[in-house]
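K.L.:
Sharing start-v1.txt below, compact mmCIF, C-alpha atoms:
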# COMPACT_ATOMS: atom_id res chain seq x y z
CA MET A 8 131.37 -83.65 157.13
CA ALA A 9 127.86 -83.98 158.49
CA GLU A 10 126.39 -87.44 159.00
CA VAL A 11 123.20 -87.84 156.95
CA GLU A 12 120.73 -90.64 157.62
CA MET A 13 117.41 -91.49 155.96
CA VAL A 14 115.01 -93.03 158.47
CA PRO A 15 111.74 -94.57 157.20
CA ASP A 16 108.91 -93.91 159.63
CA GLU A 17 105.31 -94.65 160.44
CA HIS A 18 104.10 -91.52 158.67
CA GLY A 19 104.58 -93.11 155.25
CA GLY A 20 107.77 -91.33 154.33
CA VAL A 21 111.38 -90.71 155.34
CA THR A 22 112.85 -88.47 158.01
CA VAL A 23 116.10 -86.85 156.91
CA MET A 24 118.52 -86.78 159.85
CA ARG A 25 121.66 -84.61 159.91
CA ASP A 26 124.11 -85.19 162.76
CA GLY A 27 121.29 -86.71 164.79
CA HIS A 28 118.87 -83.82 164.25
CA PRO A 29 115.64 -84.36 162.26
CA GLN A 30 115.82 -81.96 159.32
CA SER A 31 112.86 -82.88 157.14
CA HIS A 32 110.12 -85.39 156.53
CA VAL A 33 109.68 -86.33 152.87
CA ASP A 34 106.94 -88.37 151.22
CA VAL A 35 108.09 -88.76 147.62
CA ASP A 36 104.80 -90.33 146.54
CA ASP A 37 102.68 -87.62 148.17
CA PRO A 38 104.50 -84.27 148.44
CA GLU A 39 101.37 -82.65 149.89
CA HIS A 40 101.72 -84.93 152.93
CA LEU A 41 103.41 -82.66 155.47
CA VAL A 42 104.23 -84.10 158.88
CA PHE A 43 106.16 -81.45 160.81
CA GLU A 44 103.69 -79.01 162.32
CA TYR A 45 105.70 -75.89 161.49
CA VAL A 46 105.97 -76.94 157.83
CA GLN A 47 102.18 -77.23 157.80
CA HIS A 48 102.04 -73.69 159.19
CA MET A 49 104.36 -72.43 156.45
CA ALA A 50 102.21 -74.09 153.81
CA ALA A 51 99.09 -72.55 155.34
CA VAL A 52 100.62 -69.06 155.15
CA LEU A 53 101.59 -69.52 151.50
CA ASP A 54 98.10 -70.77 150.69
CA ALA A 55 96.60 -67.74 152.43
CA CYS A 56 98.85 -65.22 150.71
CA PHE A 57 99.00 -66.85 147.27
CA PRO A 58 95.96 -69.02 146.52
CA GLY A 59 96.94 -71.65 143.94
CA PRO A 60 97.41 -72.91 141.38
CA ASP A 61 99.30 -70.03 139.72
CA PRO A 62 103.11 -70.35 139.94
CA ILE A 63 104.99 -68.24 142.48
CA GLY A 64 108.69 -67.46 142.80
CA VAL A 65 110.04 -68.78 146.10
CA THR A 66 113.50 -68.55 147.63
CA HIS A 67 114.16 -71.10 150.36
CA VAL A 68 116.95 -70.46 152.87
CA GLY A 69 117.79 -73.98 153.98
CA GLY A 70 117.04 -77.06 151.93
CA ALA A 71 117.53 -80.39 153.73
CA GLY A 72 114.97 -82.83 152.25
CA LEU A 73 113.41 -80.12 150.03
CA THR A 74 110.01 -80.80 151.58
CA LEU A 75 108.41 -77.40 151.05
CA PRO A 76 109.83 -76.93 147.53
CA ARG A 77 108.24 -80.28 146.62
CA TRP A 78 104.93 -79.08 148.12
CA VAL A 79 105.08 -75.77 146.21
CA HIS A 80 105.71 -77.68 142.96
CA ALA A 81 102.80 -80.03 143.65
CA THR A 82 100.34 -77.25 144.49
CA ARG A 83 101.62 -74.61 142.02
CA PRO A 84 103.27 -76.44 139.12
CA GLY A 85 105.88 -74.47 137.25
CA SER A 86 106.89 -72.32 140.21
CA PRO A 87 110.51 -71.15 139.88
CA GLN A 88 112.25 -71.93 143.16
CA ILE A 89 115.73 -71.23 144.48
CA VAL A 90 117.04 -73.27 147.42
CA LEU A 91 120.10 -71.99 149.29
CA GLU A 92 121.67 -75.05 150.92
CA PRO A 93 125.44 -75.01 151.64
CA ASP A 94 125.70 -78.72 152.50
CA GLU A 95 126.38 -80.23 149.07
CA ALA A 96 126.75 -83.75 150.46
CA LEU A 97 123.32 -83.52 152.10
CA THR A 98 121.75 -82.30 148.86
CA ALA A 99 123.42 -85.04 146.83
CA THR A 100 122.18 -87.73 149.21
CA VAL A 101 118.65 -86.35 149.24
CA ARG A 102 118.48 -86.10 145.45
CA ALA A 103 119.83 -89.63 145.03
CA GLU A 104 117.56 -91.30 147.57
CA LEU A 105 114.51 -89.02 147.41
CA PRO A 106 114.31 -87.92 143.76
CA LEU A 107 112.62 -84.67 142.82
CA PRO A 108 109.53 -84.88 140.58
CA ARG A 109 109.69 -84.52 136.84
CA GLY A 110 109.19 -81.06 135.43
CA HIS A 111 110.24 -79.26 138.60
CA ARG A 112 111.87 -75.82 138.53
CA ILE A 113 113.74 -76.24 141.83
CA ARG A 114 117.33 -75.02 141.65
CA VAL A 115 119.58 -75.81 144.61
CA ARG A 116 122.50 -73.46 145.06
CA PRO A 117 125.39 -74.58 147.33
CA GLN A 118 125.48 -71.27 149.17
CA LEU A 119 125.13 -70.03 152.72
CA GLY A 120 121.72 -68.47 153.20
CA ARG A 121 122.88 -64.97 154.07
CA LEU A 122 125.26 -64.67 151.11
CA GLY A 123 122.70 -66.19 148.77
CA VAL A 124 119.98 -63.73 149.77
CA GLU A 125 122.35 -60.77 149.47
CA ALA A 126 123.06 -61.78 145.86
CA LEU A 127 119.39 -61.89 144.80
CA LYS A 128 117.80 -59.19 142.66
CA ASP A 129 115.43 -56.59 144.05
CA ALA A 130 111.73 -57.55 144.07
CA SER A 131 112.52 -61.00 142.68
CA ALA A 132 110.54 -63.26 145.03
CA HIS A 133 106.91 -63.75 145.94
CA ALA A 134 108.09 -65.50 149.10
CA VAL A 135 111.29 -66.00 151.07
CA VAL A 136 111.09 -69.06 153.31
CA VAL A 137 113.72 -69.32 156.06
CA ASP A 138 114.07 -72.78 157.59
CA ALA A 139 117.78 -73.13 158.25
CA PHE A 140 119.51 -74.95 161.09
CA ASP A 141 123.10 -75.60 162.03
CA ALA A 142 123.58 -78.08 164.87
CA GLY A 143 119.90 -77.70 165.70
CA ARG A 144 119.96 -73.88 165.96
CA VAL A 145 119.03 -71.06 163.58
CA PRO A 146 122.31 -69.37 162.51
CA ALA A 147 122.96 -65.96 164.04
CA ASP A 148 123.35 -64.12 160.74
CA LEU A 149 119.81 -65.09 159.63
CA GLN A 150 118.16 -63.26 162.54
CA THR A 151 119.51 -59.72 162.30
CA SER A 152 118.11 -56.39 161.19
CA GLU A 153 120.62 -56.35 158.35
CA PHE A 154 119.46 -59.73 157.06
CA PHE A 155 115.81 -58.72 157.22
CA GLY A 156 116.69 -55.59 155.28
CA HIS A 157 118.01 -57.77 152.45
CA VAL A 158 114.87 -59.93 152.57
CA ALA A 159 112.68 -56.81 152.37
CA ARG A 160 114.61 -55.70 149.28
CA VAL A 161 114.27 -59.11 147.60
CA LEU A 162 110.52 -59.41 148.19
CA ARG A 163 108.04 -58.10 145.66
CA PRO A 164 105.57 -55.49 146.96
CA ASP A 165 103.05 -58.31 147.47
CA GLY A 166 105.69 -60.69 148.81
CA VAL A 167 105.93 -62.42 152.18
CA LEU A 168 108.67 -63.69 154.49
CA VAL A 169 107.92 -66.98 156.25
CA MET A 170 110.48 -67.96 158.89
CA ASN A 171 110.83 -70.75 161.43
CA SER A 172 112.10 -69.23 164.68
CA PRO A 173 112.02 -71.68 167.61
CA ASP A 174 112.40 -70.52 171.20
CA GLU A 175 111.95 -71.48 174.83
CA PRO A 176 108.94 -70.45 176.94
CA GLY A 177 109.12 -66.74 177.64
CA TRP A 178 110.17 -65.91 174.06
CA ARG A 179 113.20 -63.83 175.06
CA HIS A 180 115.05 -64.67 171.86
CA LEU A 181 111.95 -64.63 169.67
CA ALA A 182 111.08 -61.14 170.90
CA ASP A 183 114.46 -59.88 169.68
CA VAL A 184 113.93 -61.48 166.27
CA VAL A 185 110.46 -59.93 165.95
CA ALA A 186 111.88 -56.51 166.86
CA GLY A 187 114.36 -56.71 164.01
CA LEU A 188 111.73 -57.99 161.63
CA ARG A 189 109.40 -55.07 162.36
CA GLY A 190 112.14 -52.64 161.39
CA ALA A 191 112.25 -54.07 157.86
CA LEU A 192 108.69 -55.17 157.10
CA ALA A 193 105.67 -53.26 158.36
CA HIS A 194 103.18 -56.09 158.85
CA THR A 195 103.92 -59.11 161.04
CA ALA A 196 102.20 -62.18 162.47
CA LEU A 197 103.15 -65.40 164.23
CA VAL A 198 101.79 -68.94 163.89
CA ALA A 199 102.44 -71.70 166.43
CA MET A 200 100.84 -74.63 168.17
CA ARG A 201 98.66 -73.63 171.09
CA ASP A 202 100.91 -75.10 173.78
CA VAL A 203 103.81 -73.06 172.35
CA LEU A 204 101.63 -69.93 172.27
CA LYS A 205 100.71 -70.54 175.90
CA GLY A 206 104.37 -70.85 176.90
CA ARG A 207 104.16 -74.46 177.99
CA ARG A 208 107.19 -75.75 176.08
CA TYR A 209 110.03 -75.04 173.68
CA GLY A 210 108.80 -75.10 170.12
CA ASN A 211 108.56 -73.65 166.66
CA ALA A 212 107.08 -70.26 165.93
CA VAL A 213 106.54 -69.39 162.28
CA LEU A 214 107.01 -65.67 161.74
CA VAL A 215 105.21 -63.99 158.86
CA ALA A 216 106.11 -60.51 157.58
CA ALA A 217 105.23 -58.43 154.54
CA HIS A 218 105.26 -54.95 153.05
CA ARG A 219 101.47 -55.13 152.65
CA PRO A 220 98.76 -55.86 155.24
CA LEU A 221 98.31 -59.57 155.91
CA ASP A 222 94.92 -61.25 155.52
CA LEU A 223 94.87 -62.60 159.07
CA ASP A 224 91.42 -64.14 158.75
CA GLU A 225 92.54 -66.16 155.76
CA ILE A 226 95.77 -67.21 157.49
CA ARG A 227 93.69 -68.43 160.44
CA ARG A 228 91.37 -70.34 158.10
CA GLN A 229 94.26 -72.02 156.36
CA VAL A 230 96.00 -72.89 159.63
CA ALA A 231 92.77 -74.44 160.91
CA ARG A 232 92.70 -76.81 157.91
CA TRP A 233 95.70 -78.70 159.33
CA PRO A 234 95.33 -81.15 162.24
CA PHE A 235 97.46 -79.59 164.99
CA PRO A 236 95.69 -77.21 167.39
CA SER A 237 97.35 -73.92 166.50
CA GLY A 238 96.82 -70.18 166.65
CA VAL A 239 97.82 -66.91 165.01
CA LEU A 240 99.07 -63.83 166.85
CA ALA A 241 99.23 -60.37 165.32
CA GLY A 242 98.62 -56.72 166.10
CA ALA A 243 98.45 -55.58 169.70
CA GLU A 244 98.67 -59.11 171.13
CA LEU A 245 101.89 -59.93 169.28
CA THR A 246 103.30 -56.53 170.26
CA ARG A 247 102.49 -57.22 173.91
CA ARG A 248 104.02 -60.69 173.87
CA THR A 249 107.26 -59.44 172.28
CA ALA A 250 107.51 -55.98 173.88
CA SER A 251 110.83 -56.79 175.58
CA GLY A 252 112.59 -57.43 172.28
CA ARG A 253 115.64 -55.54 171.07
CA ALA A 254 116.62 -55.99 167.44
CA LEU A 255 119.68 -58.16 166.85
CA THR A 256 122.46 -56.82 164.64
CA ASP A 257 125.36 -58.37 162.78
CA GLY A 258 127.66 -57.24 165.54
CA GLY A 259 125.73 -58.78 168.41
CA SER A 260 123.55 -61.65 167.22
CA HIS A 261 123.62 -65.27 168.37
CA PRO A 262 122.01 -68.55 167.29
CA SER A 263 118.55 -69.52 168.51
CA PRO A 264 118.30 -71.59 171.74
CA SER A 265 118.97 -75.30 171.48
CA ALA A 266 116.08 -77.73 171.65
CA PRO A 267 115.91 -79.66 174.95
CA ASP A 268 115.20 -82.93 173.12
CA PRO A 269 115.99 -82.83 169.41
CA ASP A 270 114.58 -86.33 168.88
CA ALA A 271 111.11 -85.35 170.05
CA TRP A 272 110.28 -81.68 169.78
CA ARG A 273 110.09 -81.41 165.99
CA VAL A 274 108.79 -84.80 164.86
CA ARG A 275 105.00 -84.96 164.99
So that I can check it, write out the structure of this file as structure tokens.

P.N.:
Amino acid sequence: MAEVEMVPDEHGGVTVMRDGHPQSHVDVDDPEHLVFEYVQHMAAVLDACFPGPDPIGVTHVGGAGLTLPRWVHATRPGSPQIVLEPDEALTATVRAELPLPRGHRIRVRPQLGRLGVEALKDASAHAVVVDAFDAGRVPADLQTSEFFGHVARVLRPDGVLVMNSPDEPGWRHLADVVAGLRGALAHTALVAMRDVLKGRRYGNAVLVAAHRPLDLDEIRRQVARWPFPSGVLAGAELTRRTASGRALTDGGSHPSPSAPDPDAWRVR
């Protein structure tokens, strides 16, 4: 079984650690307080695509501390949310030590992300958020053309996929993921911190994909509201940066690259 540890920190909350890897930062008293930069980017994309406060249906692949589900509930009360998190012990510890707010509609299912998404109804989600790690790496079966096909089926016509896809400088793996994503959803973008965009270090890239055109100006405005210097790539520039990519398939996929320093690269 995984070792789960709750570590209070200087940010005014708790970092949820699983087998030594930081999984989430949770501020129970202020769920709109997001510390990890890529979670801020995910929130910015949801704000750009679905301005609050109307409820939205969100499926989260990966749960950990339930940080983003808490944020969705705080900013769009009444939102029906499904969380696919196979680690029942982790979920039990989180819910015991970091209770969910009253009146939430967050339902955690003890399922693997791929199987859980495959079981969802067509056009049932405004957003699918993929933030799943196993031993610090994104599982192989969540990065394939087949998986993205299921996500495309589950999304409403106005829906959006938001996915954390970390990689090393050079983006060899990320380019393959983007190639598969483009085969399922016509409109794509990428959000990351500027030093990641410039290829200076390993880091998180938040991929955004939808059936409909994305409002890139609004995504940029929302990203700029958060404190980390970040940028948005789309169109010809994203195509150029990921031109070497070849879509991954269920028969030949592999997990994302490991972080060089799991105690530093994700905690900001």

K.L.:
What residues have an atom no more than 12 Å from (123.0, -66.7, 159.2) in the file's own frame, counting only C-alpha atoms, and can you write them as an MDAnalysis selection string?

P.N.:
chainID A and resid 68:69 91:93 118:125 137:141 144:155 255:257 260:263

K.L.:
Output C-alpha atoms of each residue in that selection to a file, as a CSV table (one decimal), in the frame of the given file.

P.N.:
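Final output, saved to selection28.csv:
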chain,number,residue,atom,x,y,z
A,68,VAL,CA,117.0,-70.5,152.9
A,69,GLY,CA,117.8,-74.0,154.0
A,91,LEU,CA,120.1,-72.0,149.3
A,92,GLU,CA,121.7,-75.0,150.9
A,93,PRO,CA,125.4,-75.0,151.6
A,118,GLN,CA,125.5,-71.3,149.2
A,119,LEU,CA,125.1,-70.0,152.7
A,120,GLY,CA,121.7,-68.5,153.2
A,121,ARG,CA,122.9,-65.0,154.1
A,122,LEU,CA,125.3,-64.7,151.1
A,123,GLY,CA,122.7,-66.2,148.8
A,124,VAL,CA,120.0,-63.7,149.8
A,125,GLU,CA,122.4,-60.8,149.5
A,137,VAL,CA,113.7,-69.3,156.1
A,138,ASP,CA,114.1,-72.8,157.6
A,139,ALA,CA,117.8,-73.1,158.2
A,140,PHE,CA,119.5,-75.0,161.1
A,141,ASP,CA,123.1,-75.6,162.0
A,144,ARG,CA,120.0,-73.9,166.0
A,145,VAL,CA,119.0,-71.1,163.6
A,146,PRO,CA,122.3,-69.4,162.5
A,147,ALA,CA,123.0,-66.0,164.0
A,148,ASP,CA,123.4,-64.1,160.7
A,149,LEU,CA,119.8,-65.1,159.6
A,150,GLN,CA,118.2,-63.3,162.5
A,151,THR,CA,119.5,-59.7,162.3
A,152,SER,CA,118.1,-56.4,161.2
A,153,GLU,CA,120.6,-56.4,158.4
A,154,PHE,CA,119.5,-59.7,157.1
A,155,PHE,CA,115.8,-58.7,157.2
A,255,LEU,CA,119.7,-58.2,166.8
A,256,THR,CA,122.5,-56.8,164.6
A,257,ASP,CA,125.4,-58.4,162.8
A,260,SER,CA,123.6,-61.6,167.2
A,261,HIS,CA,123.6,-65.3,168.4
A,262,PRO,CA,122.0,-68.6,167.3
A,263,SER,CA,118.6,-69.5,168.5

K.L.:
Each residue of segment 26-119 of chain A with at least one atom at most 10 Å from segment 191-208 of chain A should appear once, together with its nearest atom pair and the corresponding distance in Å (one decimal); atoms considered: only C-alpha atoms; ordering: chain, then increasing residue number; output as JSON lines.

P.N.:
{"residue": "A:Glu44", "atom": "CA", "partner": "A:Met200", "partner_atom": "CA", "distance": 7.8}
{"residue": "A:Tyr45", "atom": "CA", "partner": "A:Ala199", "partner_atom": "CA", "distance": 7.3}
{"residue": "A:His48", "atom": "CA", "partner": "A:Val198", "partner_atom": "CA", "distance": 6.7}
{"residue": "A:Met49", "atom": "CA", "partner": "A:Val198", "partner_atom": "CA", "distance": 8.6}
{"residue": "A:Ala51", "atom": "CA", "partner": "A:Val198", "partner_atom": "CA", "distance": 9.7}
{"residue": "A:Val52", "atom": "CA", "partner": "A:Val198", "partner_atom": "CA", "distance": 8.8}

K.L.:
Every residue with an atom at most 8 Å from (93.4, -68.1, 152.6) (file coordinates; all atoms listed in the file) is what I'm after, so could you write them as a PyMOL selection string?

P.N.:
chain A and resi 51-52+54-58+222+224-229

K.L.:
Can you spit out the residues from that selection as a compact mmCIF listing (two decimals), keeping the file's coordinate frame, using C-alpha atoms?

P.N.:
# COMPACT_ATOMS: atom_id res chain seq x y z
CA ALA A 51 99.09 -72.55 155.34
CA VAL A 52 100.62 -69.06 155.15
CA ASP A 54 98.10 -70.77 150.69
CA ALA A 55 96.60 -67.74 152.43
CA CYS A 56 98.85 -65.22 150.71
CA PHE A 57 99.00 -66.85 147.27
CA PRO A 58 95.96 -69.02 146.52
CA ASP A 222 94.92 -61.25 155.52
CA ASP A 224 91.42 -64.14 158.75
CA GLU A 225 92.54 -66.16 155.76
CA ILE A 226 95.77 -67.21 157.49
CA ARG A 227 93.69 -68.43 160.44
CA ARG A 228 91.37 -70.34 158.10
CA GLN A 229 94.26 -72.02 156.36

K.L.:
Could you state the separation of atom CA of Asp16 of chain A and atom CA of Thr74 of chain A in Å, given to one decimal place?

P.N.:
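Distance reported for this atom pair: 15.4 Å.
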
K.L.:
Quick one: distance from atom CA of Leu41 of chain A to atom CA of Ala231 of chain A in Å, one decimal?

P.N.:
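Taking atom CA of Leu41 of chain A and atom CA of Ala231 of chain A, their separation equals 14.5 Å.
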
K.L.:
Hey, can you check how far atom CA of Val158 of chain A sits from atom CA of Arg247 of chain A?

P.N.:
24.8 Å

K.L.:
Segment 214-222 of chain A, all listed atoms, 3 Å padding on each side: what axis-aligned box centre and edge lengths in Å to one decimal come out, as AutoDock Vina command-line options?

P.N.:
--center_x 101.0 --center_y -60.3 --center_z 157.2 --size_x 18.1 --size_y 16.7 --size_z 15.1

K.L.:
Residues at most 12 Å from Val101 of chain A, counting all atoms listed in the file, excluding those fewer than 3 positions away in the same chain, as a ChimeraX atom specification?

P.N.:
/A:11-14,21-25,30-33,35,70-74,92,94-98,104-107,115

K.L.:
Can you tell me which residues surround Gly59 of chain A at a distance of at most 12 Å, considering all atoms listed in the file, apart from same-chain residues fewer than 5 positions away, and format the answer as an NGL selection string?

P.N.:
:A and (50-51 or 53-54 or 78-86)

K.L.:
So which one's closest to Glu175 of chain A, A:Gly210, A:Pro29, A:Gly19, A:Pro38? Using all atoms listed in the file, please.

P.N.:
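Using all atoms listed in the file, the shortest distance to Glu175 of chain A belongs to A:Gly210.
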
K.L.:
For Val185 of chain A, which of A:Val213, A:Val42, A:Val167, A:Ile63 is the closest residue, counting all atoms listed in the file?

P.N.:
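Among the listed residues, the smallest separation from Val185 of chain A belongs to A:Val213.
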
K.L.:
Which one is closest to His218 of chain A: A:Gly187, A:Pro234, A:Gly166, A:Pro173? Count only C-alpha atoms.

P.N.:
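For His218 of chain A, the nearest of the candidates is A:Gly166.
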
K.L.:
Which one is closest to Pro220 of chain A: A:Arg189, A:Asp165, A:Ala243, A:Leu75? Count all atoms listed in the file.

P.N.:
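Ranked by minimum distance to Pro220 of chain A, first place goes to A:Asp165.
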
K.L.:
Pick from A:Pro15, A:Gly238, A:Gly64, A:Gly259: nearest to Asp183 of chain A, with all atoms listed in the file counted?

P.N.:
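The answer is A:Gly259, which sits nearest to Asp183 of chain A.
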
K.L.:
Selecting all heavy atoms, how would segment 174-184 of chain A from this structure be written as a PDB file, in the first residue's frame?

P.N.:
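Once written, result.pdb looks like this:
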ATOM      1  N   ASP A 174       7.048  17.107 -18.887  1.00  0.00           N
ATOM      2  CA  ASP A 174       8.077  16.555 -19.771  1.00  0.00           C
ATOM      3  C   ASP A 174       9.400  17.262 -19.512  1.00  0.00           C
ATOM      4  O   ASP A 174       9.470  18.306 -18.849  1.00  0.00           O
ATOM      5  CB  ASP A 174       7.675  16.713 -21.234  1.00  0.00           C
ATOM      6  CG  ASP A 174       8.438  15.768 -22.173  1.00  0.00           C
ATOM      7  OD1 ASP A 174       9.222  14.931 -21.674  1.00  0.00           O
ATOM      8  OD2 ASP A 174       8.252  15.872 -23.399  1.00  0.00           O
ATOM      9  N   GLU A 175      10.432  16.692 -20.085  1.00  0.00           N
ATOM     10  CA  GLU A 175      11.777  17.263 -20.037  1.00  0.00           C
ATOM     11  C   GLU A 175      11.932  18.321 -21.132  1.00  0.00           C
ATOM     12  O   GLU A 175      11.126  18.383 -22.066  1.00  0.00           O
ATOM     13  CB  GLU A 175      12.803  16.140 -20.251  1.00  0.00           C
ATOM     14  CG  GLU A 175      12.729  15.041 -19.196  1.00  0.00           C
ATOM     15  CD  GLU A 175      13.492  13.796 -19.597  1.00  0.00           C
ATOM     16  OE1 GLU A 175      13.713  13.603 -20.821  1.00  0.00           O
ATOM     17  OE2 GLU A 175      13.839  13.009 -18.702  1.00  0.00           O
ATOM     18  N   PRO A 176      12.983  19.154 -21.045  1.00  0.00           N
ATOM     19  CA  PRO A 176      13.256  20.087 -22.148  1.00  0.00           C
ATOM     20  C   PRO A 176      13.389  19.322 -23.468  1.00  0.00           C
ATOM     21  O   PRO A 176      13.955  18.237 -23.518  1.00  0.00           O
ATOM     22  CB  PRO A 176      14.580  20.725 -21.729  1.00  0.00           C
ATOM     23  CG  PRO A 176      14.587  20.647 -20.241  1.00  0.00           C
ATOM     24  CD  PRO A 176      13.922  19.341 -19.908  1.00  0.00           C
ATOM     25  N   GLY A 177      12.878  19.916 -24.521  1.00  0.00           N
ATOM     26  CA  GLY A 177      12.854  19.236 -25.816  1.00  0.00           C
ATOM     27  C   GLY A 177      11.488  18.691 -26.174  1.00  0.00           C
ATOM     28  O   GLY A 177      11.173  18.508 -27.349  1.00  0.00           O
ATOM     29  N   TRP A 178      10.686  18.361 -25.157  1.00  0.00           N
ATOM     30  CA  TRP A 178       9.289  17.958 -25.335  1.00  0.00           C
ATOM     31  C   TRP A 178       9.124  16.761 -26.259  1.00  0.00           C
ATOM     32  O   TRP A 178       8.143  16.654 -26.992  1.00  0.00           O
ATOM     33  CB  TRP A 178       8.476  19.122 -25.874  1.00  0.00           C
ATOM     34  CG  TRP A 178       8.238  20.226 -24.891  1.00  0.00           C
ATOM     35  CD1 TRP A 178       8.717  20.324 -23.613  1.00  0.00           C
ATOM     36  CD2 TRP A 178       7.439  21.387 -25.116  1.00  0.00           C
ATOM     37  NE1 TRP A 178       8.275  21.476 -23.026  1.00  0.00           N
ATOM     38  CE2 TRP A 178       7.494  22.156 -23.924  1.00  0.00           C
ATOM     39  CE3 TRP A 178       6.711  21.864 -26.190  1.00  0.00           C
ATOM     40  CZ2 TRP A 178       6.822  23.373 -23.792  1.00  0.00           C
ATOM     41  CZ3 TRP A 178       6.035  23.065 -26.056  1.00  0.00           C
ATOM     42  CH2 TRP A 178       6.095  23.809 -24.876  1.00  0.00           C
ATOM     43  N   ARG A 179      10.024  15.804 -26.216  1.00  0.00           N
ATOM     44  CA  ARG A 179       9.874  14.627 -27.080  1.00  0.00           C
ATOM     45  C   ARG A 179       8.619  13.844 -26.720  1.00  0.00           C
ATOM     46  O   ARG A 179       7.876  13.409 -27.596  1.00  0.00           O
ATOM     47  CB  ARG A 179      11.118  13.747 -26.960  1.00  0.00           C
ATOM     48  CG  ARG A 179      12.372  14.367 -27.549  1.00  0.00           C
ATOM     49  CD  ARG A 179      13.575  13.461 -27.381  1.00  0.00           C
ATOM     50  NE  ARG A 179      13.392  12.171 -28.034  1.00  0.00           N
ATOM     51  CZ  ARG A 179      14.236  11.161 -27.933  1.00  0.00           C
ATOM     52  NH1 ARG A 179      15.342  11.290 -27.190  1.00  0.00           N
ATOM     53  NH2 ARG A 179      14.017  10.023 -28.567  1.00  0.00           N
ATOM     54  N   HIS A 180       8.408  13.619 -25.433  1.00  0.00           N
ATOM     55  CA  HIS A 180       7.214  12.876 -25.009  1.00  0.00           C
ATOM     56  C   HIS A 180       5.962  13.726 -25.201  1.00  0.00           C
ATOM     57  O   HIS A 180       4.938  13.237 -25.706  1.00  0.00           O
ATOM     58  CB  HIS A 180       7.351  12.457 -23.548  1.00  0.00           C
ATOM     59  CG  HIS A 180       6.169  11.698 -23.036  1.00  0.00           C
ATOM     60  ND1 HIS A 180       5.924  10.388 -23.359  1.00  0.00           N
ATOM     61  CD2 HIS A 180       5.131  12.085 -22.242  1.00  0.00           C
ATOM     62  CE1 HIS A 180       4.806   9.982 -22.778  1.00  0.00           C
ATOM     63  NE2 HIS A 180       4.307  10.998 -22.105  1.00  0.00           N
ATOM     64  N   LEU A 181       6.023  14.971 -24.809  1.00  0.00           N
ATOM     65  CA  LEU A 181       4.870  15.857 -24.919  1.00  0.00           C
ATOM     66  C   LEU A 181       4.396  15.980 -26.366  1.00  0.00           C
ATOM     67  O   LEU A 181       3.189  16.022 -26.638  1.00  0.00           O
ATOM     68  CB  LEU A 181       5.227  17.229 -24.354  1.00  0.00           C
ATOM     69  CG  LEU A 181       4.113  18.267 -24.260  1.00  0.00           C
ATOM     70  CD1 LEU A 181       2.976  17.771 -23.381  1.00  0.00           C
ATOM     71  CD2 LEU A 181       4.674  19.574 -23.717  1.00  0.00           C
ATOM     72  N   ALA A 182       5.327  16.018 -27.295  1.00  0.00           N
ATOM     73  CA  ALA A 182       4.961  16.100 -28.710  1.00  0.00           C
ATOM     74  C   ALA A 182       4.131  14.890 -29.131  1.00  0.00           C
ATOM     75  O   ALA A 182       3.177  15.020 -29.913  1.00  0.00           O
ATOM     76  CB  ALA A 182       6.217  16.210 -29.573  1.00  0.00           C
ATOM     77  N   ASP A 183       4.478  13.714 -28.626  1.00  0.00           N
ATOM     78  CA  ASP A 183       3.698  12.517 -28.953  1.00  0.00           C
ATOM     79  C   ASP A 183       2.285  12.603 -28.369  1.00  0.00           C
ATOM     80  O   ASP A 183       1.309  12.215 -29.016  1.00  0.00           O
ATOM     81  CB  ASP A 183       4.394  11.270 -28.405  1.00  0.00           C
ATOM     82  CG  ASP A 183       5.697  10.955 -29.121  1.00  0.00           C
ATOM     83  OD1 ASP A 183       5.905  11.482 -30.226  1.00  0.00           O
ATOM     84  OD2 ASP A 183       6.503  10.183 -28.568  1.00  0.00           O
ATOM     85  N   VAL A 184       2.182  13.114 -27.149  1.00  0.00           N
ATOM     86  CA  VAL A 184       0.869  13.248 -26.519  1.00  0.00           C
ATOM     87  C   VAL A 184       0.000  14.232 -27.302  1.00  0.00           C
ATOM     88  O   VAL A 184      -1.183  13.976 -27.562  1.00  0.00           O
ATOM     89  CB  VAL A 184       1.014  13.695 -25.042  1.00  0.00           C
ATOM     90  CG1 VAL A 184      -0.359  13.901 -24.410  1.00  0.00           C
ATOM     91  CG2 VAL A 184       1.802  12.659 -24.244  1.00  0.00           C
TER      92      VAL A 184
END
